[in-house]
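Text of model_24.cif, listed as mmCIF, C-alpha atoms:
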```cif
data_input
#
loop_
_atom_site.label_atom_id
_atom_site.label_comp_id
_atom_site.auth_asym_id
_atom_site.auth_seq_id
_atom_site.Cartn_x
_atom_site.Cartn_y
_atom_site.Cartn_z
CA MET A 1 -12.09 -41.35 -6.73
CA GLN A 2 -10.32 -41.35 -3.38
CA PRO A 3 -6.67 -40.29 -3.79
CA SER A 4 -4.29 -42.23 -1.58
CA TYR A 5 -0.59 -42.38 -0.74
CA THR A 6 1.76 -45.13 -1.87
CA GLU A 7 2.39 -48.24 0.22
CA ALA A 8 5.86 -46.98 1.10
CA ALA A 9 4.38 -43.67 2.25
CA GLU A 10 1.88 -45.45 4.46
CA GLN A 11 4.71 -47.46 6.00
CA TYR A 12 6.41 -44.22 6.92
CA ARG A 13 3.12 -43.01 8.41
CA GLU A 14 3.14 -46.06 10.69
CA LYS A 15 6.67 -45.14 11.76
CA ILE A 16 5.54 -41.63 12.74
CA GLN A 17 2.51 -43.01 14.55
CA ALA A 18 4.82 -45.31 16.53
CA PHE A 19 7.04 -42.33 17.39
CA LEU A 20 4.03 -40.41 18.70
CA ALA A 21 2.82 -43.39 20.72
CA GLU A 22 6.27 -43.76 22.29
CA HIS A 23 6.71 -40.12 23.30
CA LEU A 24 3.20 -38.95 24.22
CA PRO A 25 1.34 -39.71 27.47
CA ALA A 26 -1.18 -42.55 27.27
CA ASP A 27 -4.05 -40.18 28.04
CA TRP A 28 -2.97 -37.55 25.51
CA ILE A 29 -5.85 -35.92 23.55
CA GLY A 30 -4.08 -32.87 22.15
CA ILE A 31 -2.32 -29.70 23.21
CA GLY A 32 -5.64 -27.82 23.07
CA ALA A 33 -6.63 -29.54 26.32
CA LEU A 34 -3.77 -27.89 28.24
CA ASP A 35 -3.84 -24.47 29.87
CA ALA A 36 -1.47 -21.79 28.58
CA GLU A 37 1.34 -22.51 31.05
CA ALA A 38 1.18 -26.28 30.59
CA ALA A 39 1.04 -25.87 26.79
CA ALA A 40 4.16 -23.68 26.84
CA THR A 41 6.01 -26.22 29.00
CA PHE A 42 4.95 -29.12 26.78
CA THR A 43 5.96 -27.26 23.62
CA ALA A 44 9.46 -26.54 24.95
CA GLU A 45 9.95 -30.17 25.98
CA TRP A 46 8.45 -31.47 22.73
CA ARG A 47 10.76 -29.24 20.68
CA GLU A 48 13.74 -30.82 22.43
CA ILE A 49 12.42 -34.32 21.69
CA LEU A 50 12.00 -33.43 18.02
CA GLY A 51 15.50 -31.98 17.87
CA ASN A 52 17.01 -35.10 19.43
CA ASN A 53 15.23 -37.24 16.83
CA LYS A 54 16.10 -35.06 13.80
CA LEU A 55 12.43 -34.19 13.29
CA LEU A 56 12.54 -30.49 14.10
CA ALA A 57 13.56 -29.50 10.56
CA PRO A 58 12.61 -32.75 8.82
CA SER A 59 13.24 -31.68 5.23
CA TRP A 60 16.60 -29.95 5.78
CA PRO A 61 19.76 -31.78 4.72
CA ALA A 62 21.25 -33.82 7.55
CA GLU A 63 24.54 -31.89 7.47
CA TYR A 64 22.70 -28.80 8.74
CA GLY A 65 20.88 -30.60 11.54
CA GLY A 66 17.82 -31.60 9.54
CA GLY A 67 16.17 -34.96 9.08
CA GLY A 68 16.89 -35.35 5.38
CA LEU A 69 13.32 -36.52 4.77
CA THR A 70 11.70 -36.48 1.37
CA PRO A 71 8.95 -33.89 0.78
CA LEU A 72 6.32 -36.64 1.02
CA GLU A 73 7.71 -37.94 4.32
CA SER A 74 7.70 -34.39 5.72
CA VAL A 75 4.05 -33.95 4.69
CA ILE A 76 3.01 -37.26 6.27
CA MET A 77 4.74 -36.27 9.49
CA ALA A 78 2.92 -32.92 9.48
CA GLU A 79 -0.42 -34.67 8.90
CA GLU A 80 0.07 -37.10 11.78
CA PHE A 81 1.25 -34.36 14.13
CA GLN A 82 -1.88 -32.35 13.27
CA ARG A 83 -4.15 -35.32 13.96
CA ALA A 84 -2.37 -36.04 17.25
CA GLY A 85 -2.59 -32.42 18.32
CA VAL A 86 1.13 -31.82 18.79
CA PRO A 87 3.17 -28.93 17.39
CA THR A 88 5.87 -29.39 14.76
CA GLY A 89 8.13 -27.04 16.71
CA GLY A 90 8.21 -24.03 18.99
CA SER A 91 6.17 -20.85 18.89
CA ASN A 92 8.31 -19.14 16.20
CA ASP A 93 9.49 -22.19 14.28
CA ALA A 94 7.02 -21.60 11.44
CA PHE A 95 9.13 -18.51 10.72
CA SER A 96 12.49 -19.89 11.84
CA ILE A 97 12.41 -23.33 10.20
CA GLN A 98 9.60 -23.52 7.68
CA MET A 99 10.06 -20.05 6.16
CA VAL A 100 13.49 -18.47 6.55
CA GLY A 101 15.32 -21.74 7.25
CA ASN A 102 14.07 -23.39 4.06
CA THR A 103 14.77 -20.18 2.15
CA ILE A 104 18.37 -20.12 3.41
CA VAL A 105 18.72 -23.77 2.36
CA GLN A 106 17.63 -22.82 -1.17
CA TRP A 107 19.13 -19.34 -1.60
CA GLY A 108 21.83 -18.95 1.05
CA THR A 109 25.57 -19.19 0.65
CA GLU A 110 27.38 -22.09 2.24
CA GLU A 111 28.67 -19.71 4.94
CA GLN A 112 25.13 -18.56 5.69
CA LYS A 113 23.87 -22.14 5.92
CA GLN A 114 26.70 -23.18 8.23
CA HIS A 115 26.13 -20.17 10.49
CA PHE A 116 22.36 -19.70 10.70
CA LEU A 117 20.83 -23.17 10.32
CA PRO A 118 22.40 -24.83 13.39
CA ARG A 119 21.49 -21.76 15.47
CA ILE A 120 17.86 -22.12 14.37
CA ILE A 121 17.81 -25.79 15.37
CA SER A 122 19.34 -25.03 18.77
CA GLY A 123 16.85 -22.21 19.40
CA GLU A 124 19.62 -19.64 19.83
CA ASP A 125 18.18 -17.64 16.92
CA ILE A 126 14.40 -17.10 16.96
CA TRP A 127 12.89 -15.48 13.87
CA CYS A 128 9.95 -13.33 12.82
CA GLN A 129 8.83 -11.88 9.48
CA GLY A 130 9.22 -8.26 8.33
CA TYR A 131 7.07 -7.96 5.20
CA SER A 132 3.92 -5.82 5.61
CA GLU A 133 4.05 -2.05 6.06
CA PRO A 134 1.33 0.41 7.16
CA ASN A 135 1.79 2.71 4.15
CA ALA A 136 1.98 -0.04 1.53
CA GLY A 137 -1.55 -1.37 1.98
CA SER A 138 -2.00 -4.85 0.56
CA ASP A 139 0.66 -4.35 -2.13
CA LEU A 140 3.87 -5.83 -0.75
CA GLY A 141 5.79 -4.38 -3.68
CA ASN A 142 5.00 -0.88 -2.38
CA LEU A 143 7.21 -1.33 0.68
CA GLY A 144 9.34 1.63 1.68
CA CYS A 145 11.50 0.36 4.58
CA LYS A 146 14.93 1.58 3.46
CA ALA A 147 18.36 -0.04 3.72
CA GLU A 148 21.59 1.73 2.75
CA LEU A 149 25.05 0.20 2.66
CA ASP A 150 27.53 1.92 4.95
CA GLY A 151 30.89 0.20 4.69
CA ASP A 152 30.47 -3.35 5.99
CA GLU A 153 26.94 -2.80 7.33
CA TRP A 154 23.43 -2.09 6.11
CA ILE A 155 21.60 0.72 7.90
CA VAL A 156 17.85 0.07 8.06
CA ASN A 157 15.15 2.70 8.62
CA GLY A 158 11.40 2.30 8.41
CA GLN A 159 8.50 0.36 9.85
CA LYS A 160 6.91 -3.08 9.55
CA ILE A 161 3.49 -4.11 10.87
CA TRP A 162 1.52 -7.29 11.69
CA THR A 163 4.75 -8.95 12.79
CA SER A 164 3.48 -12.19 14.29
CA ALA A 165 5.31 -13.27 17.48
CA GLY A 166 7.80 -10.45 16.97
CA GLN A 167 7.98 -9.93 20.72
CA LEU A 168 9.56 -13.39 21.08
CA ALA A 169 12.16 -13.09 18.29
CA ASN A 170 15.75 -11.94 18.28
CA TRP A 171 16.16 -11.98 14.48
CA ILE A 172 13.91 -10.73 11.68
CA PHE A 173 14.01 -11.43 7.95
CA VAL A 174 13.05 -8.12 6.43
CA LEU A 175 12.29 -6.86 2.92
CA THR A 176 13.96 -3.51 2.35
CA ARG A 177 14.06 -0.89 -0.39
CA THR A 178 17.67 -0.61 -1.54
CA GLU A 179 17.21 1.05 -4.95
CA PRO A 180 14.38 3.65 -4.99
CA ASP A 181 14.90 4.48 -8.67
CA ALA A 182 14.34 0.89 -9.84
CA PRO A 183 10.87 -0.46 -10.70
CA LYS A 184 9.25 -1.35 -7.42
CA HIS A 185 9.76 -5.13 -7.56
CA ARG A 186 13.40 -4.79 -8.67
CA GLY A 187 14.75 -2.53 -5.94
CA ILE A 188 14.06 -4.84 -2.99
CA THR A 189 16.64 -6.73 -0.93
CA PHE A 190 16.01 -9.61 1.50
CA LEU A 191 18.00 -8.90 4.68
CA LEU A 192 18.60 -10.81 7.90
CA CYS A 193 18.66 -8.37 10.80
CA PRO A 194 19.30 -8.85 14.55
CA MET A 195 16.55 -7.40 16.74
CA ASP A 196 18.44 -7.18 20.03
CA GLN A 197 19.95 -3.76 19.26
CA PRO A 198 18.99 -0.17 20.16
CA GLY A 199 17.74 0.63 16.64
CA VAL A 200 14.86 -1.87 16.75
CA GLU A 201 11.65 -1.27 18.71
CA VAL A 202 8.76 -3.77 18.95
CA ARG A 203 5.30 -2.55 19.92
CA PRO A 204 2.42 -5.03 20.49
CA ILE A 205 -0.96 -4.61 18.79
CA GLU A 206 -3.94 -5.79 20.83
CA MET A 207 -6.37 -7.85 18.76
CA LEU A 208 -10.13 -8.23 18.94
CA SER A 209 -9.66 -11.37 21.04
CA GLY A 210 -7.60 -9.46 23.62
CA GLU A 211 -4.37 -11.22 22.63
CA ALA A 212 -1.35 -9.36 21.27
CA GLU A 213 0.46 -11.74 18.92
CA PHE A 214 0.84 -9.06 16.24
CA ASN A 215 3.37 -6.25 16.53
CA GLU A 216 4.72 -3.12 14.92
CA VAL A 217 8.48 -3.05 14.39
CA PHE A 218 10.34 0.25 14.02
CA PHE A 219 13.87 0.51 12.59
CA SER A 220 15.88 3.62 13.46
CA ASP A 221 19.40 3.31 12.06
CA ALA A 222 19.35 -0.41 12.85
CA ARG A 223 22.39 -2.23 11.54
CA THR A 224 23.12 -5.63 10.08
CA ALA A 225 26.22 -7.10 8.46
CA LYS A 226 26.84 -6.61 4.73
CA GLU A 227 26.89 -10.37 4.17
CA ASN A 228 23.38 -10.84 5.66
CA VAL A 229 21.71 -10.56 2.24
CA ILE A 230 19.88 -13.65 1.02
CA GLY A 231 20.06 -13.86 -2.76
CA GLU A 232 21.18 -10.80 -4.70
CA VAL A 233 21.09 -7.15 -3.71
CA ASN A 234 17.96 -5.68 -5.37
CA GLY A 235 16.88 -9.24 -6.18
CA GLY A 236 14.91 -9.87 -3.01
CA TRP A 237 11.49 -10.15 -4.62
CA ALA A 238 12.24 -13.64 -5.99
CA VAL A 239 13.54 -14.71 -2.57
CA ALA A 240 10.42 -13.31 -0.89
CA MET A 241 8.15 -15.27 -3.22
CA THR A 242 10.13 -18.45 -2.57
CA LEU A 243 9.57 -17.99 1.15
CA LEU A 244 5.82 -17.58 0.66
CA GLY A 245 5.81 -20.85 -1.28
CA TYR A 246 7.33 -22.64 1.70
CA GLU A 247 4.73 -20.99 3.94
CA ARG A 248 1.86 -22.46 1.92
CA GLY A 249 3.29 -25.83 0.87
CA GLU A 250 2.93 -27.73 4.15
CA ALA A 251 -0.33 -25.91 4.91
CA ALA A 252 -1.92 -27.68 1.96
CA ALA A 253 -1.58 -30.94 3.90
CA THR A 254 -2.32 -29.84 7.44
CA THR A 255 -5.05 -27.22 6.97
CA PRO A 256 -7.75 -29.63 5.68
CA VAL A 257 -6.96 -32.03 8.56
CA ALA A 258 -7.36 -29.22 11.09
CA PHE A 259 -10.64 -28.02 9.59
CA ARG A 260 -12.07 -31.54 9.52
CA GLY A 261 -11.27 -31.93 13.21
CA GLU A 262 -12.92 -28.59 13.92
CA LEU A 263 -16.01 -29.63 11.94
CA ASP A 264 -16.33 -32.83 13.98
CA ARG A 265 -16.36 -30.64 17.11
CA LEU A 266 -19.04 -28.49 15.51
CA PHE A 267 -21.23 -31.55 14.93
CA GLU A 268 -20.82 -32.40 18.62
CA LEU A 269 -21.74 -28.85 19.58
CA ALA A 270 -24.93 -29.02 17.52
CA ASN A 271 -25.91 -32.20 19.38
CA GLU A 272 -25.02 -30.76 22.78
CA GLN A 273 -27.12 -27.66 22.10
CA GLY A 274 -30.08 -29.77 20.94
CA LYS A 275 -30.08 -28.19 17.48
CA ALA A 276 -28.86 -31.08 15.33
CA ASP A 277 -32.40 -31.82 14.09
CA ASP A 278 -33.17 -28.24 13.11
CA PRO A 279 -33.48 -28.34 9.28
CA VAL A 280 -31.80 -24.97 8.80
CA ILE A 281 -28.89 -25.95 11.05
CA ARG A 282 -28.59 -29.30 9.30
CA GLN A 283 -28.41 -27.55 5.94
CA ARG A 284 -25.66 -25.23 7.19
CA LEU A 285 -23.74 -28.17 8.66
CA ALA A 286 -24.02 -30.04 5.36
CA TRP A 287 -22.69 -26.95 3.57
CA CYS A 288 -19.71 -26.92 5.93
CA TYR A 289 -19.05 -30.60 5.28
CA SER A 290 -19.07 -30.07 1.52
CA LYS A 291 -16.66 -27.15 1.84
CA VAL A 292 -14.21 -29.11 3.98
CA GLU A 293 -14.22 -31.93 1.43
CA ILE A 294 -13.56 -29.46 -1.39
CA MET A 295 -10.77 -27.97 0.71
CA ARG A 296 -9.24 -31.41 1.05
CA PHE A 297 -9.08 -31.82 -2.71
CA LEU A 298 -7.77 -28.29 -3.22
CA GLY A 299 -5.06 -29.09 -0.70
CA MET A 300 -4.18 -32.27 -2.55
CA ARG A 301 -3.83 -30.35 -5.79
CA THR A 302 -1.48 -27.83 -4.18
CA LEU A 303 0.36 -30.64 -2.42
CA THR A 304 0.85 -32.56 -5.66
CA LYS A 305 2.75 -29.61 -7.13
CA PHE A 306 4.72 -29.13 -3.93
CA LEU A 307 5.81 -32.78 -3.83
CA ALA A 308 6.85 -32.57 -7.48
CA GLY A 309 9.27 -29.80 -6.54
CA ASP A 310 7.10 -27.06 -8.01
CA HIS A 311 6.61 -24.57 -5.21
CA PRO A 312 3.07 -23.16 -5.07
CA GLY A 313 2.56 -20.25 -7.42
CA ALA A 314 -0.37 -17.97 -8.12
CA ASP A 315 -2.87 -20.83 -7.87
CA ALA A 316 -2.02 -21.19 -4.16
CA SER A 317 -4.16 -18.08 -3.72
CA ILE A 318 -7.23 -20.24 -4.44
CA PHE A 319 -6.54 -22.38 -1.39
CA LYS A 320 -5.82 -19.41 0.87
CA LEU A 321 -8.94 -17.52 -0.25
CA TYR A 322 -11.07 -20.62 0.16
CA TRP A 323 -10.14 -21.62 3.69
CA SER A 324 -10.11 -18.11 5.13
CA GLU A 325 -13.55 -17.20 3.81
CA TYR A 326 -14.92 -20.60 4.88
CA HIS A 327 -13.57 -20.17 8.40
CA ARG A 328 -15.34 -16.85 8.82
CA LEU A 329 -18.69 -18.51 8.05
CA VAL A 330 -18.24 -21.75 9.97
CA THR A 331 -17.34 -19.89 13.15
CA GLU A 332 -20.45 -17.74 12.70
CA LEU A 333 -22.45 -20.97 12.70
CA ALA A 334 -20.72 -22.04 15.93
CA VAL A 335 -21.72 -18.78 17.62
CA ASP A 336 -25.29 -19.21 16.36
CA LEU A 337 -25.36 -22.70 17.89
CA LEU A 338 -24.14 -21.33 21.21
CA GLY A 339 -26.84 -18.66 21.19
CA ALA A 340 -26.93 -16.69 24.43
CA ASP A 341 -24.07 -18.85 25.77
CA ALA A 342 -21.76 -16.99 23.37
CA LEU A 343 -22.25 -13.86 25.49
CA HIS A 344 -20.59 -15.58 28.45
CA ILE A 345 -17.05 -16.77 27.78
CA GLU A 346 -16.55 -20.07 29.57
CA GLY A 347 -13.23 -21.88 29.47
CA LYS A 348 -9.94 -20.78 27.98
CA LEU A 349 -9.42 -18.94 24.72
CA PRO A 350 -7.70 -20.76 21.81
CA THR A 351 -4.00 -21.50 22.16
CA SER A 352 -3.31 -19.77 18.84
CA SER A 353 -4.63 -16.66 17.10
CA PHE A 354 -4.33 -18.35 13.70
CA GLY A 355 -6.68 -20.87 12.13
CA THR A 356 -8.63 -23.42 14.16
CA ASP A 357 -8.30 -24.06 17.86
CA SER A 358 -5.83 -26.83 18.72
CA THR A 359 -6.75 -30.51 18.78
CA GLY A 360 -8.13 -31.49 22.18
CA ALA A 361 -9.62 -28.07 22.92
CA PRO A 362 -12.81 -28.12 25.04
CA ASN A 363 -16.03 -27.70 23.08
CA ASP A 364 -17.09 -24.58 24.96
CA SER A 365 -17.77 -20.89 24.36
CA GLY A 366 -14.20 -19.86 25.17
CA SER A 367 -12.83 -21.93 22.31
CA TRP A 368 -15.52 -21.13 19.76
CA VAL A 369 -15.94 -17.43 20.47
CA GLY A 370 -12.17 -16.96 20.54
CA THR A 371 -11.89 -18.73 17.19
CA PHE A 372 -14.81 -16.69 15.83
CA LEU A 373 -12.96 -13.47 16.68
CA THR A 374 -9.61 -14.54 15.22
CA ALA A 375 -11.19 -16.02 12.07
CA ARG A 376 -11.84 -12.48 10.84
CA ALA A 377 -8.09 -11.92 10.67
CA GLY A 378 -7.71 -14.97 8.42
CA THR A 379 -9.13 -12.99 5.50
CA ILE A 380 -6.41 -10.36 6.03
CA TYR A 381 -3.11 -11.96 7.09
CA ALA A 382 -0.96 -13.74 4.48
CA GLY A 383 -2.70 -11.66 1.81
CA THR A 384 -6.21 -10.20 1.99
CA SER A 385 -9.11 -11.87 0.21
CA GLN A 386 -9.26 -8.94 -2.19
CA VAL A 387 -5.61 -9.36 -3.13
CA GLN A 388 -6.08 -13.13 -3.54
CA LYS A 389 -9.00 -12.50 -5.92
CA ASN A 390 -6.86 -10.13 -7.99
CA ILE A 391 -4.07 -12.71 -8.17
CA ILE A 392 -6.49 -15.45 -9.21
CA GLY A 393 -8.18 -13.23 -11.80
CA GLU A 394 -5.01 -11.88 -13.37
CA MET A 395 -2.45 -14.67 -12.96
CA VAL A 396 -4.61 -17.82 -12.98
CA LEU A 397 -7.63 -16.93 -15.14
CA GLY A 398 -5.82 -14.46 -17.39
CA LEU A 399 -8.34 -11.66 -16.90
CA PRO A 400 -7.35 -8.06 -17.75
CA LYS A 401 -5.20 -6.42 -15.11
CA GLU A 402 -6.47 -3.58 -13.01
CA PRO A 403 -5.14 -0.12 -13.95
CA ARG A 404 -2.15 0.66 -11.79
CA SER A 405 0.82 2.97 -11.61
CA ASP A 406 4.38 2.33 -10.57
CA GLY A 407 4.10 5.00 -7.92
CA GLY A 408 3.60 4.53 -4.23
CA PRO A 409 5.00 5.34 -0.80
CA TRP A 410 8.35 3.81 -1.76
CA LYS A 411 8.83 6.61 -4.31
CA ASP A 412 9.00 9.05 -1.42
CA VAL A 413 11.80 7.18 0.36
CA PRO A 414 14.69 9.62 0.91
CA LYS A 415 17.82 8.73 -1.03
#
```
Go ahead and express the file in the form of structure tokens.
Amino acid sequence: MQPSYTEAAEQYREKIQAFLAEHLPADWIGIGALDAEAAATFTAEWREILGNNKLLAPSWPAEYGGGGLTPLESVIMAEEFQRAGVPTGGSNDAFSIQMVGNTIVQWGTEEQKQHFLPRIISGEDIWCQGYSEPNAGSDLGNLGCKAELDGDEWIVNGQKIWTSAGQLANWIFVLTRTEPDAPKHRGITFLLCPMDQPGVEVRPIEMLSGEAEFNEVFFSDARTAKENVIGEVNGGWAVAMTLLGYERGEAAATTPVAFRGELDRLFELANEQGKADDPVIRQRLAWCYSKVEIMRFLGMRTLTKFLAGDHPGADASIFKLYWSEYHRLVTELAVDLLGADALHIEGKLPTSSFGTDSTGAPNDSGSWVGTFLTARAGTIYAGTSQVQKNIIGEMVLGLPKEPRSDGGPWKDVPK
């Protein structure tokens, strides 16, 4: 069986393809072919084009500056953009539009929607994510970053870590502990907090690749308005899980496309290195092909639920575990194909520290070794492989839960 889209969906795909043909240069092969400066310039200009054509936040209601597209139309657009090698927005728009923007659409008050959503579209507000903490390990519910209400403002104290692109943001959506005496998942509040204030400090973390896209964020009596709570006070866990569903919904469509493009480059690399006829290499390449095909079907399963309005739940962990562990192994094969050439970095490093290198990237050691180094982080960010296995075992397969207590660093938060 080969699942396919409806005829109407394919007609919309043709519309998106025509849009890309109209707005991209005739010799365009993908943003991965550009150097860092040219890629940044293109992304800024492309974001403006998308905004002018109501495609920057395609699924948002039109009254908030969105495109009003159906979930299926939004997915088709994301697929075609991935194949063409163009971004769906700016550097922080995965956080600004896909995550917190969609969450505000679902959970926010009308006043919050009217205030924040247009500012996201315009680029005036640029967002990052404040979830993980150094003392909470892989258990997000153990967070201890504290927020206390002081008149008309929340005062925030604590630390977040692995804040992607935090150095570029001026707002952060942050999970805070607002009721230490409540069970750990019930005393959490989802706050929107400005970063351009004296009480917020951002410190970069240098990665194995030499890049510094991750950051630590320190809050020292940082303040945000009382009304900047999304959802209910002490009810932030449900909001946080909604946001993670938006993070993984579109990825179910685009991730398999990206990995198939990367695999095609790997086949080319095997030929260029004269190793395509090696039986061991051929077996490993065949294994990669089978895994990418399985990933495609896993993505379709997740996507089917997403398009039906059922945001990905615990079973989304299967998809995340699968692609991140696969990527670690496929990039090891790429380095093996390069052999001694992997010791000499030639060409530019990947344009992103997440997932595959961008479409159009040169098939050289710079791209592959850079991707090899960042692929290790894929088994950690957005939930470690160990945590994903626990979720699958307990919440999908119904296996007995691991022994646990309700204690943790958050219990030590001063009142």
Take the point (9.4, -16.5, 1.8) in the file's coordinates, draw a sphere of radius 12 Å around it, and report as a compact mmCIF listing (two decimals) with C-alpha atoms, in the coordinates of the input every protein, DNA or RNA residue with an atom inside or on it, counting only C-alpha atoms.
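Produced file point.txt, reproduced below:
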```txt
# COMPACT_ATOMS: atom_id res chain seq x y z
CA ALA A 94 7.02 -21.60 11.44
CA PHE A 95 9.13 -18.51 10.72
CA SER A 96 12.49 -19.89 11.84
CA ILE A 97 12.41 -23.33 10.20
CA GLN A 98 9.60 -23.52 7.68
CA MET A 99 10.06 -20.05 6.16
CA VAL A 100 13.49 -18.47 6.55
CA GLY A 101 15.32 -21.74 7.25
CA ASN A 102 14.07 -23.39 4.06
CA THR A 103 14.77 -20.18 2.15
CA ILE A 104 18.37 -20.12 3.41
CA VAL A 105 18.72 -23.77 2.36
CA GLN A 106 17.63 -22.82 -1.17
CA TRP A 107 19.13 -19.34 -1.60
CA CYS A 128 9.95 -13.33 12.82
CA GLN A 129 8.83 -11.88 9.48
CA GLY A 130 9.22 -8.26 8.33
CA TYR A 131 7.07 -7.96 5.20
CA PHE A 173 14.01 -11.43 7.95
CA VAL A 174 13.05 -8.12 6.43
CA LEU A 175 12.29 -6.86 2.92
CA PHE A 190 16.01 -9.61 1.50
CA LEU A 191 18.00 -8.90 4.68
CA ILE A 230 19.88 -13.65 1.02
CA GLY A 231 20.06 -13.86 -2.76
CA GLY A 236 14.91 -9.87 -3.01
CA TRP A 237 11.49 -10.15 -4.62
CA ALA A 238 12.24 -13.64 -5.99
CA VAL A 239 13.54 -14.71 -2.57
CA ALA A 240 10.42 -13.31 -0.89
CA MET A 241 8.15 -15.27 -3.22
CA THR A 242 10.13 -18.45 -2.57
CA LEU A 243 9.57 -17.99 1.15
CA LEU A 244 5.82 -17.58 0.66
CA GLY A 245 5.81 -20.85 -1.28
CA TYR A 246 7.33 -22.64 1.70
CA GLU A 247 4.73 -20.99 3.94
CA ARG A 248 1.86 -22.46 1.92
CA GLY A 249 3.29 -25.83 0.87
CA HIS A 311 6.61 -24.57 -5.21
CA PRO A 312 3.07 -23.16 -5.07
CA ALA A 382 -0.96 -13.74 4.48
```
In Å, with one decimal, what is the gap from atom CA of A:Ser164 to atom CA of A:Met395? 28.0 Å
Kindly provide, as a list in words, the polymer residues lying within 6 Å of (9.1, -6.3, -4.6), counting all atoms listed in the file and using the coordinates exactly as they appear in the file. Gly141, Lys184, His185, Ile188 and Trp237 of chain A
Taking all atoms listed in the file into account, which of A:Glu206, A:Glu63, A:Asp93, A:Asp35 comes nearest A:Pro350?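 Among the listed residues, the smallest separation from A:Pro350 belongs to A:Asp35.
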Point-to-point distance in Å for atom CA of A:Asn271 and atom CA of A:Leu373: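 These atoms are spaced 22.9 Å apart.
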For A:Tyr12, which of A:Met207, A:Leu69, A:Leu192, A:Ala62 is the closest residue, counting all atoms listed in the file?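 Ranking A:Met207, A:Leu69, A:Leu192, A:Ala62 by distance to A:Tyr12, first place goes to A:Leu69.
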Can you translate the PyMOL selection byres ((chain A and resi 159) around 7) into the concrete residues it hits in this file, as a ChimeraX atom specification? /A:133,145,158,160-161,217-219
Given the choices A:Ser220, A:Asn92, A:Ser132, A:Thr43, which gets closest to A:Trp154 if the distance is worked out from all atoms listed in the file? A:Ser220
Apply the PyMOL selection byres ((chain A and resi 371) around 7) to the file shown and report the selected residues as a ChimeraX atom specification. /A:331,350,356-357,367-370,372-375
Picked residues, the PyMOL selection byres ((chain A and resi 402) around 12), expected as a list in words: Val387, Lys389, Asn390, Ile391, Gly393, Glu394, Met395, Gly398, Leu399, Pro400, Lys401, Pro403, Arg404 and Ser405 of chain A
Output for the residues just chosen: C-alpha atoms as a PDB file, in the frame of the given file:
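Wrote it out as out-v9.pdb, contents follow:
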```
ATOM      1  CA  VAL A 387      -5.610  -9.360  -3.130  1.00  0.00           C
ATOM      2  CA  LYS A 389      -9.000 -12.500  -5.920  1.00  0.00           C
ATOM      3  CA  ASN A 390      -6.860 -10.130  -7.990  1.00  0.00           C
ATOM      4  CA  ILE A 391      -4.070 -12.710  -8.170  1.00  0.00           C
ATOM      5  CA  GLY A 393      -8.180 -13.230 -11.800  1.00  0.00           C
ATOM      6  CA  GLU A 394      -5.010 -11.880 -13.370  1.00  0.00           C
ATOM      7  CA  MET A 395      -2.450 -14.670 -12.960  1.00  0.00           C
ATOM      8  CA  GLY A 398      -5.820 -14.460 -17.390  1.00  0.00           C
ATOM      9  CA  LEU A 399      -8.340 -11.660 -16.900  1.00  0.00           C
ATOM     10  CA  PRO A 400      -7.350  -8.060 -17.750  1.00  0.00           C
ATOM     11  CA  LYS A 401      -5.200  -6.420 -15.110  1.00  0.00           C
ATOM     12  CA  PRO A 403      -5.140  -0.120 -13.950  1.00  0.00           C
ATOM     13  CA  ARG A 404      -2.150   0.660 -11.790  1.00  0.00           C
ATOM     14  CA  SER A 405       0.820   2.970 -11.610  1.00  0.00           C
TER      15      SER A 405
END
```
Pairwise distance for atom CA of A:Ile49 and atom CA of A:Ala169, rounded to one decimal in Å: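 Separation between atom CA of A:Ile49 and atom CA of A:Ala169: 21.5 Å.
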Quick one: residues within 9 Å of A:Ile31, all atoms listed in the file counted, chain neighbours fewer than 2 positions away excluded, as a ChimeraX atom specification? /A:28-29,33-35,38-39,42-43,84-87,351,358-361
Saved selection, atoms kept: C-alpha atoms, as a PDB file, in the coordinates of the input:
```
ATOM      1  CA  TRP A  28      -2.970 -37.550  25.510  1.00  0.00           C
ATOM      2  CA  ILE A  29      -5.850 -35.920  23.550  1.00  0.00           C
ATOM      3  CA  ALA A  33      -6.630 -29.540  26.320  1.00  0.00           C
ATOM      4  CA  LEU A  34      -3.770 -27.890  28.240  1.00  0.00           C
ATOM      5  CA  ASP A  35      -3.840 -24.470  29.870  1.00  0.00           C
ATOM      6  CA  ALA A  38       1.180 -26.280  30.590  1.00  0.00           C
ATOM      7  CA  ALA A  39       1.040 -25.870  26.790  1.00  0.00           C
ATOM      8  CA  PHE A  42       4.950 -29.120  26.780  1.00  0.00           C
ATOM      9  CA  THR A  43       5.960 -27.260  23.620  1.00  0.00           C
ATOM     10  CA  ALA A  84      -2.370 -36.040  17.250  1.00  0.00           C
ATOM     11  CA  GLY A  85      -2.590 -32.420  18.320  1.00  0.00           C
ATOM     12  CA  VAL A  86       1.130 -31.820  18.790  1.00  0.00           C
ATOM     13  CA  PRO A  87       3.170 -28.930  17.390  1.00  0.00           C
ATOM     14  CA  THR A 351      -4.000 -21.500  22.160  1.00  0.00           C
ATOM     15  CA  SER A 358      -5.830 -26.830  18.720  1.00  0.00           C
ATOM     16  CA  THR A 359      -6.750 -30.510  18.780  1.00  0.00           C
ATOM     17  CA  GLY A 360      -8.130 -31.490  22.180  1.00  0.00           C
ATOM     18  CA  ALA A 361      -9.620 -28.070  22.920  1.00  0.00           C
TER      19      ALA A 361
END
```
